>>> print(open('my_file_14.cif').read())   # mmCIF, N, CA and C atoms
data_target
loop_
_atom_site.label_atom_id
_atom_site.label_comp_id
_atom_site.auth_asym_id
_atom_site.auth_seq_id
_atom_site.Cartn_x
_atom_site.Cartn_y
_atom_site.Cartn_z
N SER P 157 0.83 -1.19 0.00
CA SER P 157 0.00 0.00 0.00
C SER P 157 0.87 1.25 0.00
N ILE P 158 0.35 2.32 -0.51
CA ILE P 158 1.08 3.58 -0.58
C ILE P 158 0.82 4.35 0.71
N ASP P 159 1.93 4.75 1.38
CA ASP P 159 1.78 5.55 2.59
C ASP P 159 2.99 6.49 2.70
N ASP P 160 3.25 6.96 3.90
CA ASP P 160 4.32 7.94 4.09
C ASP P 160 5.65 7.29 4.48
N THR P 161 5.85 6.03 4.10
CA THR P 161 7.10 5.34 4.42
C THR P 161 7.64 4.59 3.21
N ALA P 162 8.95 4.37 3.25
CA ALA P 162 9.59 3.41 2.36
C ALA P 162 10.11 2.31 3.29
N LYS P 163 9.82 1.08 2.96
CA LYS P 163 10.22 -0.03 3.82
C LYS P 163 11.28 -0.85 3.11
N LEU P 164 12.29 -1.27 3.89
CA LEU P 164 13.38 -2.08 3.35
C LEU P 164 13.32 -3.48 3.94
N TRP P 165 13.56 -4.47 3.09
CA TRP P 165 13.63 -5.86 3.53
C TRP P 165 14.98 -6.43 3.10
N ASN P 166 15.47 -7.41 3.87
CA ASN P 166 16.68 -8.10 3.45
C ASN P 166 16.30 -9.28 2.56
N LEU P 167 17.31 -10.02 2.08
CA LEU P 167 17.04 -11.12 1.16
C LEU P 167 16.30 -12.28 1.82
N GLN P 168 16.30 -12.33 3.14
CA GLN P 168 15.57 -13.37 3.85
C GLN P 168 14.10 -12.98 4.08
N GLY P 169 13.70 -11.81 3.62
CA GLY P 169 12.31 -11.37 3.74
C GLY P 169 11.99 -10.69 5.05
N LEU P 170 13.00 -10.32 5.82
CA LEU P 170 12.77 -9.62 7.09
C LEU P 170 12.84 -8.11 6.86
N GLN P 171 11.86 -7.38 7.39
CA GLN P 171 11.88 -5.93 7.29
C GLN P 171 13.01 -5.39 8.15
N ILE P 172 13.88 -4.56 7.56
CA ILE P 172 15.04 -4.07 8.30
C ILE P 172 15.00 -2.57 8.55
N ALA P 173 14.11 -1.83 7.86
CA ALA P 173 14.05 -0.39 8.09
C ALA P 173 12.74 0.18 7.58
N ILE P 174 12.32 1.27 8.23
CA ILE P 174 11.19 2.08 7.76
C ILE P 174 11.71 3.51 7.66
N LEU P 175 11.68 4.05 6.45
CA LEU P 175 12.16 5.41 6.18
C LEU P 175 10.93 6.30 6.06
N LYS P 176 10.76 7.23 6.98
CA LYS P 176 9.50 7.97 7.14
C LYS P 176 9.55 9.36 6.52
N HIS P 177 8.46 9.73 5.90
CA HIS P 177 8.21 11.09 5.40
C HIS P 177 6.94 11.61 6.06
N ASN P 178 6.52 12.81 5.65
CA ASN P 178 5.28 13.39 6.16
C ASN P 178 4.12 13.23 5.18
N ASP P 179 4.40 12.63 4.02
CA ASP P 179 3.37 12.42 3.02
C ASP P 179 3.78 11.23 2.16
N GLU P 180 3.00 10.91 1.18
CA GLU P 180 3.20 9.72 0.35
C GLU P 180 4.59 9.66 -0.29
N VAL P 181 5.31 8.56 -0.07
CA VAL P 181 6.60 8.33 -0.72
C VAL P 181 6.33 7.86 -2.13
N ASN P 182 6.92 8.56 -3.12
CA ASN P 182 6.65 8.21 -4.51
C ASN P 182 7.89 7.87 -5.32
N ASN P 183 9.08 7.85 -4.69
CA ASN P 183 10.29 7.48 -5.41
C ASN P 183 11.35 7.04 -4.41
N VAL P 184 12.05 5.97 -4.73
CA VAL P 184 13.16 5.47 -3.92
C VAL P 184 14.29 5.11 -4.87
N VAL P 185 15.51 5.60 -4.56
CA VAL P 185 16.68 5.33 -5.39
C VAL P 185 17.84 4.94 -4.49
N PHE P 186 18.52 3.86 -4.84
CA PHE P 186 19.71 3.43 -4.12
C PHE P 186 20.96 3.96 -4.81
N SER P 187 21.97 4.33 -4.01
CA SER P 187 23.26 4.68 -4.58
C SER P 187 23.89 3.40 -5.12
N PRO P 188 24.83 3.53 -6.07
CA PRO P 188 25.45 2.33 -6.64
C PRO P 188 26.13 1.44 -5.60
N ASP P 189 26.69 2.02 -4.55
CA ASP P 189 27.36 1.20 -3.53
C ASP P 189 26.38 0.68 -2.47
N GLY P 190 25.10 1.07 -2.55
CA GLY P 190 24.09 0.59 -1.62
C GLY P 190 24.16 1.21 -0.24
N LYS P 191 25.03 2.22 -0.05
CA LYS P 191 25.20 2.82 1.27
C LYS P 191 24.32 4.03 1.51
N THR P 192 23.69 4.53 0.45
CA THR P 192 22.83 5.70 0.56
C THR P 192 21.53 5.42 -0.19
N ILE P 193 20.43 5.88 0.38
CA ILE P 193 19.13 5.75 -0.27
C ILE P 193 18.51 7.14 -0.33
N ALA P 194 17.95 7.50 -1.48
CA ALA P 194 17.18 8.75 -1.62
C ALA P 194 15.71 8.37 -1.71
N THR P 195 14.88 9.03 -0.90
CA THR P 195 13.44 8.85 -0.98
C THR P 195 12.81 10.20 -1.27
N ALA P 196 11.80 10.21 -2.12
CA ALA P 196 11.10 11.45 -2.46
C ALA P 196 9.63 11.27 -2.13
N SER P 197 9.00 12.36 -1.71
CA SER P 197 7.59 12.27 -1.35
C SER P 197 6.80 13.40 -1.99
N SER P 198 5.48 13.24 -1.95
CA SER P 198 4.61 14.24 -2.55
C SER P 198 4.58 15.53 -1.74
N GLU P 199 5.15 15.55 -0.54
CA GLU P 199 5.25 16.78 0.25
C GLU P 199 6.30 17.73 -0.32
N GLY P 200 7.09 17.26 -1.29
CA GLY P 200 8.13 18.09 -1.88
C GLY P 200 9.45 17.99 -1.15
N ALA P 201 9.74 16.82 -0.57
CA ALA P 201 11.00 16.62 0.14
C ALA P 201 11.71 15.39 -0.42
N VAL P 202 13.01 15.53 -0.59
CA VAL P 202 13.87 14.40 -0.94
C VAL P 202 14.79 14.19 0.25
N ARG P 203 14.77 12.99 0.80
CA ARG P 203 15.59 12.69 1.98
C ARG P 203 16.65 11.66 1.61
N LEU P 204 17.85 11.89 2.14
CA LEU P 204 18.92 10.93 1.99
C LEU P 204 19.08 10.17 3.29
N TRP P 205 19.28 8.86 3.17
CA TRP P 205 19.41 7.98 4.32
C TRP P 205 20.72 7.22 4.19
N THR P 206 21.37 6.94 5.31
CA THR P 206 22.58 6.15 5.32
C THR P 206 22.50 5.12 6.43
N GLN P 207 23.18 4.01 6.22
CA GLN P 207 23.15 2.95 7.22
C GLN P 207 24.21 3.22 8.28
N VAL P 208 23.77 3.22 9.54
CA VAL P 208 24.66 3.39 10.69
C VAL P 208 24.44 2.16 11.57
N GLY P 209 25.40 1.25 11.55
CA GLY P 209 25.21 -0.02 12.26
C GLY P 209 24.09 -0.79 11.59
N ASP P 210 23.11 -1.20 12.37
CA ASP P 210 21.96 -1.92 11.83
C ASP P 210 20.80 -1.00 11.50
N ASP P 211 20.94 0.30 11.75
CA ASP P 211 19.85 1.25 11.54
C ASP P 211 20.12 2.12 10.31
N TRP P 212 19.05 2.63 9.74
CA TRP P 212 19.15 3.63 8.67
C TRP P 212 18.74 4.97 9.27
N GLN P 213 19.59 5.99 9.10
CA GLN P 213 19.32 7.31 9.66
C GLN P 213 19.31 8.35 8.55
N GLN P 214 18.47 9.37 8.76
CA GLN P 214 18.40 10.45 7.78
C GLN P 214 19.69 11.23 7.81
N LEU P 215 20.27 11.41 6.62
CA LEU P 215 21.53 12.13 6.47
C LEU P 215 21.29 13.57 6.05
N ALA P 216 20.31 13.81 5.19
CA ALA P 216 20.05 15.16 4.68
C ALA P 216 18.63 15.21 4.13
N GLU P 217 18.14 16.43 3.96
CA GLU P 217 16.84 16.64 3.33
C GLU P 217 16.96 17.81 2.36
N TYR P 218 16.39 17.64 1.19
CA TYR P 218 16.37 18.67 0.15
C TYR P 218 14.94 18.97 -0.19
N GLN P 219 14.64 20.23 -0.45
CA GLN P 219 13.32 20.58 -0.95
C GLN P 219 13.32 20.29 -2.43
N GLY P 220 12.29 19.66 -2.91
CA GLY P 220 12.21 19.31 -4.32
C GLY P 220 11.55 17.96 -4.47
N ARG P 221 11.70 17.39 -5.64
CA ARG P 221 11.09 16.09 -5.91
C ARG P 221 12.02 15.28 -6.82
N ASP P 222 11.68 14.02 -6.97
CA ASP P 222 12.38 13.12 -7.89
C ASP P 222 13.89 13.07 -7.66
N GLY P 223 14.31 12.76 -6.45
CA GLY P 223 15.73 12.66 -6.16
C GLY P 223 16.37 11.51 -6.91
N VAL P 224 17.44 11.81 -7.63
CA VAL P 224 18.19 10.80 -8.37
C VAL P 224 19.66 10.95 -8.00
N LEU P 225 20.26 9.85 -7.57
CA LEU P 225 21.69 9.86 -7.24
C LEU P 225 22.50 9.56 -8.49
N ASN P 226 23.62 10.31 -8.69
CA ASN P 226 24.46 10.02 -9.84
C ASN P 226 25.23 8.72 -9.60
N PRO P 227 25.87 8.17 -10.62
CA PRO P 227 26.49 6.84 -10.48
C PRO P 227 27.51 6.69 -9.35
N ASP P 228 28.24 7.74 -9.00
CA ASP P 228 29.22 7.59 -7.92
C ASP P 228 28.63 7.94 -6.55
N GLY P 229 27.34 8.34 -6.51
CA GLY P 229 26.68 8.65 -5.25
C GLY P 229 27.11 9.95 -4.62
N LYS P 230 27.86 10.79 -5.34
CA LYS P 230 28.38 12.04 -4.77
C LYS P 230 27.48 13.25 -5.05
N LEU P 231 26.53 13.12 -5.97
CA LEU P 231 25.62 14.20 -6.30
C LEU P 231 24.20 13.66 -6.34
N ILE P 232 23.25 14.51 -5.97
CA ILE P 232 21.85 14.17 -6.10
C ILE P 232 21.19 15.24 -6.97
N THR P 233 20.33 14.80 -7.84
CA THR P 233 19.56 15.70 -8.70
C THR P 233 18.17 15.81 -8.11
N VAL P 234 17.72 17.04 -7.86
CA VAL P 234 16.36 17.28 -7.40
C VAL P 234 15.71 18.31 -8.32
N VAL P 235 14.40 18.22 -8.44
CA VAL P 235 13.66 19.17 -9.26
C VAL P 235 12.94 20.13 -8.33
N VAL P 236 13.25 21.43 -8.49
CA VAL P 236 12.63 22.48 -7.68
C VAL P 236 12.04 23.51 -8.63
N ASP P 237 10.73 23.72 -8.54
CA ASP P 237 10.04 24.68 -9.41
C ASP P 237 10.37 24.45 -10.88
N ASN P 238 10.30 23.20 -11.30
CA ASN P 238 10.58 22.79 -12.68
C ASN P 238 12.00 23.07 -13.12
N THR P 239 12.92 23.23 -12.19
CA THR P 239 14.34 23.44 -12.49
C THR P 239 15.13 22.29 -11.87
N VAL P 240 15.99 21.68 -12.66
CA VAL P 240 16.83 20.60 -12.16
C VAL P 240 18.03 21.20 -11.44
N GLN P 241 18.25 20.75 -10.21
CA GLN P 241 19.39 21.24 -9.42
C GLN P 241 20.25 20.06 -8.99
N LEU P 242 21.57 20.24 -9.05
CA LEU P 242 22.51 19.25 -8.54
C LEU P 242 22.99 19.68 -7.18
N ARG P 243 22.96 18.77 -6.22
CA ARG P 243 23.41 19.07 -4.86
C ARG P 243 24.45 18.04 -4.46
N PRO P 244 25.48 18.45 -3.72
CA PRO P 244 26.47 17.46 -3.26
C PRO P 244 25.88 16.56 -2.18
N VAL P 245 26.29 15.31 -2.19
CA VAL P 245 25.90 14.35 -1.15
C VAL P 245 27.10 14.19 -0.24
N GLU P 246 26.90 14.50 1.02
CA GLU P 246 27.98 14.39 1.99
C GLU P 246 27.68 13.26 2.96
N GLY P 247 28.69 12.51 3.30
CA GLY P 247 28.56 11.48 4.31
C GLY P 247 28.69 12.09 5.69
N LEU P 248 28.58 11.26 6.71
CA LEU P 248 28.67 11.75 8.08
C LEU P 248 30.02 12.40 8.36
N ASP P 249 31.10 11.84 7.83
CA ASP P 249 32.43 12.41 8.07
C ASP P 249 32.54 13.82 7.47
N GLU P 250 32.03 13.98 6.25
CA GLU P 250 32.08 15.31 5.61
C GLU P 250 31.20 16.32 6.34
N LEU P 251 30.03 15.89 6.78
CA LEU P 251 29.15 16.79 7.52
C LEU P 251 29.79 17.22 8.84
N LEU P 252 30.43 16.29 9.54
CA LEU P 252 31.10 16.63 10.79
C LEU P 252 32.25 17.59 10.54
N ALA P 253 33.05 17.33 9.50
CA ALA P 253 34.17 18.21 9.17
C ALA P 253 33.68 19.62 8.83
N ARG P 254 32.61 19.70 8.04
CA ARG P 254 32.07 21.02 7.69
C ARG P 254 31.54 21.74 8.92
N GLY P 255 30.87 20.99 9.80
CA GLY P 255 30.37 21.59 11.05
C GLY P 255 31.51 22.08 11.92
N CYS P 256 32.58 21.31 12.00
CA CYS P 256 33.73 21.73 12.81
C CYS P 256 34.39 22.97 12.21
N ASP P 257 34.49 23.03 10.88
CA ASP P 257 35.04 24.24 10.25
C ASP P 257 34.19 25.45 10.61
N TRP P 258 32.89 25.28 10.58
CA TRP P 258 31.98 26.37 10.87
C TRP P 258 32.11 26.82 12.33
N LEU P 259 32.39 25.88 13.24
CA LEU P 259 32.48 26.19 14.67
C LEU P 259 33.88 26.61 15.14
N ARG P 260 34.88 26.51 14.28
CA ARG P 260 36.26 26.77 14.66
C ARG P 260 36.42 28.14 15.36
N ASP P 261 35.88 29.20 14.79
CA ASP P 261 36.00 30.53 15.39
C ASP P 261 35.31 30.60 16.75
N TYR P 262 34.16 29.93 16.86
CA TYR P 262 33.45 29.92 18.14
C TYR P 262 34.30 29.25 19.21
N PHE P 263 34.87 28.09 18.90
CA PHE P 263 35.70 27.39 19.88
C PHE P 263 36.93 28.21 20.26
N ALA P 264 37.49 28.94 19.29
CA ALA P 264 38.67 29.76 19.57
C ALA P 264 38.33 30.88 20.55
N SER P 265 37.13 31.43 20.45
CA SER P 265 36.74 32.53 21.34
C SER P 265 36.07 32.04 22.63
N HIS P 266 35.80 30.74 22.73
CA HIS P 266 35.18 30.13 23.91
C HIS P 266 35.97 28.89 24.32
N PRO P 267 37.18 29.06 24.83
CA PRO P 267 38.02 27.91 25.14
C PRO P 267 37.46 27.00 26.24
N ASP P 268 36.49 27.48 26.99
CA ASP P 268 35.91 26.66 28.07
C ASP P 268 34.86 25.67 27.56
N VAL P 269 34.45 25.77 26.29
CA VAL P 269 33.44 24.88 25.72
C VAL P 269 34.12 23.61 25.21
N PRO P 270 33.65 22.43 25.65
CA PRO P 270 34.26 21.18 25.19
C PRO P 270 34.08 21.01 23.68
N ASN P 271 35.12 20.57 23.00
CA ASN P 271 35.04 20.38 21.54
C ASN P 271 35.82 19.15 21.09
N GLU P 272 35.73 18.07 21.86
CA GLU P 272 36.49 16.87 21.53
C GLU P 272 36.14 16.31 20.16
N ALA P 273 34.90 16.45 19.75
CA ALA P 273 34.48 15.88 18.47
C ALA P 273 35.14 16.56 17.28
N CYS P 274 35.64 17.77 17.47
CA CYS P 274 36.22 18.53 16.36
C CYS P 274 37.75 18.56 16.41
N ARG P 275 38.34 17.70 17.16
CA ARG P 275 39.82 17.70 17.21
C ARG P 275 40.39 16.75 16.21
#
>>> encode(input="my_file_14.cif", output="structure tokens")
Amino acid sequence: SIDDTAKLWNLQGLQIAILKHNDEVNNVVFSPDGKTIATASSEGAVRLWTQVGDDWQQLAEYQGRDGVLNPDGKLITVVVDNTVQLRPVEGLDELLARGCDWLRDYFASHPDVPNEACR
């Protein structure tokens, strides 16, 4: 049935994940390496999911529809207002590095704030 989820099963027929949206999921695309999944819904959101241990967690969300991952999984194509846009796909390591770069000045001016994750 069509609902606001994309469900994943393994080859043994066991459900291993439910990827949730706020409206009907109408497109699911796997990256070539199988480590990233893009889901699109009628609410106008494309969500990227990545496997962390045995769970699938949302990695990013883009406004638009019809998310398509390019062959190397590094770019996603989304359609926004009838315009095709390419967006970079970042993994958890890249997102953490970008966040640490963004916070570098804050940590420099606030030496009392713990920042072990960005060392």
>>> atom_distance(input="my_file_14.cif", atom1="atom C of Asp189 in chain P", atom2="CA of Gly255 in chain P")
25.2 Å
>>> resolve_selection(input="my_file_14.cif", expression="the PyMOL selection byres (((chain P and resi 196 and name CA) around 8) and name CA)", output="PDB file with N, CA and C atoms, in the coordinates of the input")
ATOM      1  N   VAL P 181       5.310   8.560  -0.070  1.00  0.00           N
ATOM      2  CA  VAL P 181       6.600   8.330  -0.720  1.00  0.00           C
ATOM      3  C   VAL P 181       6.330   7.860  -2.130  1.00  0.00           C
ATOM      4  N   ASN P 182       6.920   8.560  -3.120  1.00  0.00           N
ATOM      5  CA  ASN P 182       6.650   8.210  -4.510  1.00  0.00           C
ATOM      6  C   ASN P 182       7.890   7.870  -5.320  1.00  0.00           C
ATOM      7  N   ASN P 183       9.080   7.850  -4.690  1.00  0.00           N
ATOM      8  CA  ASN P 183      10.290   7.480  -5.410  1.00  0.00           C
ATOM      9  C   ASN P 183      11.350   7.040  -4.410  1.00  0.00           C
ATOM     10  N   VAL P 184      12.050   5.970  -4.730  1.00  0.00           N
ATOM     11  CA  VAL P 184      13.160   5.470  -3.920  1.00  0.00           C
ATOM     12  C   VAL P 184      14.290   5.110  -4.870  1.00  0.00           C
ATOM     13  N   ALA P 194      17.950   7.500  -1.480  1.00  0.00           N
ATOM     14  CA  ALA P 194      17.180   8.750  -1.620  1.00  0.00           C
ATOM     15  C   ALA P 194      15.710   8.370  -1.710  1.00  0.00           C
ATOM     16  N   THR P 195      14.880   9.030  -0.900  1.00  0.00           N
ATOM     17  CA  THR P 195      13.440   8.850  -0.980  1.00  0.00           C
ATOM     18  C   THR P 195      12.810  10.200  -1.270  1.00  0.00           C
ATOM     19  N   SER P 197       9.000  12.360  -1.710  1.00  0.00           N
ATOM     20  CA  SER P 197       7.590  12.270  -1.350  1.00  0.00           C
ATOM     21  C   SER P 197       6.800  13.400  -1.990  1.00  0.00           C
ATOM     22  N   SER P 198       5.480  13.240  -1.950  1.00  0.00           N
ATOM     23  CA  SER P 198       4.610  14.240  -2.550  1.00  0.00           C
ATOM     24  C   SER P 198       4.580  15.530  -1.740  1.00  0.00           C
ATOM     25  N   GLY P 200       7.090  17.260  -1.290  1.00  0.00           N
ATOM     26  CA  GLY P 200       8.130  18.090  -1.880  1.00  0.00           C
ATOM     27  C   GLY P 200       9.450  17.990  -1.150  1.00  0.00           C
ATOM     28  N   ALA P 201       9.740  16.820  -0.570  1.00  0.00           N
ATOM     29  CA  ALA P 201      11.000  16.620   0.140  1.00  0.00           C
ATOM     30  C   ALA P 201      11.710  15.390  -0.420  1.00  0.00           C
ATOM     31  N   VAL P 202      13.010  15.530  -0.590  1.00  0.00           N
ATOM     32  CA  VAL P 202      13.870  14.400  -0.940  1.00  0.00           C
ATOM     33  C   VAL P 202      14.790  14.190   0.250  1.00  0.00           C
ATOM     34  N   ARG P 203      14.770  12.990   0.800  1.00  0.00           N
ATOM     35  CA  ARG P 203      15.590  12.690   1.980  1.00  0.00           C
ATOM     36  C   ARG P 203      16.650  11.660   1.610  1.00  0.00           C
ATOM     37  N   ARG P 221      11.700  17.390  -5.640  1.00  0.00           N
ATOM     38  CA  ARG P 221      11.090  16.090  -5.910  1.00  0.00           C
ATOM     39  C   ARG P 221      12.020  15.280  -6.820  1.00  0.00           C
ATOM     40  N   ASP P 222      11.680  14.020  -6.970  1.00  0.00           N
ATOM     41  CA  ASP P 222      12.380  13.120  -7.890  1.00  0.00           C
ATOM     42  C   ASP P 222      13.890  13.070  -7.660  1.00  0.00           C
ATOM     43  N   GLY P 223      14.310  12.760  -6.450  1.00  0.00           N
ATOM     44  CA  GLY P 223      15.730  12.660  -6.160  1.00  0.00           C
ATOM     45  C   GLY P 223      16.370  11.510  -6.910  1.00  0.00           C
TER      46      GLY P 223
END
>>> resolve_selection(input="my_file_14.cif", expression="the PyMOL selection byres (((chain P and resi 192 and name CA) around 10) and name CA)", output="PyMOL selection string")
chain P and resi 185-191+193-194+204-207+212-215+225+229-230+245+247
>>> atom_distance(input="my_file_14.cif", atom1="atom N of Asn178 in chain P", atom2="CA of Asp237 in chain P")
19.5 Å
>>> atom_distance(input="my_file_14.cif", atom1="CA of Leu164 in chain P", atom2="CA of Glu199 in chain P")
20.8 Å
>>> closest_residue(input="my_file_14.cif", among="P:Pro244, P:Ala216, P:Leu170, P:Cys274", to="Asp257 in chain P", atoms="only N, CA and C atoms")
P:Cys274
>>> select_by_dssp(input="my_file_14.cif", residues="range 178-215 of chain P", states="strand (DSSP E or B)", output="ChimeraX atom specification")
/P:181-186,192-197,201-208,211-215
>>> resolve_selection(input="my_file_14.cif", expression="the PyMOL selection byres ((chain P and resi 172) around 7)", output="list of chain:residue names")
P:Lys163, P:Leu164, P:Trp165, P:Asn166, P:Gly169, P:Leu170, P:Gln171, P:Ala173, P:Ile174, P:Asp210, P:Asp211, P:Trp212
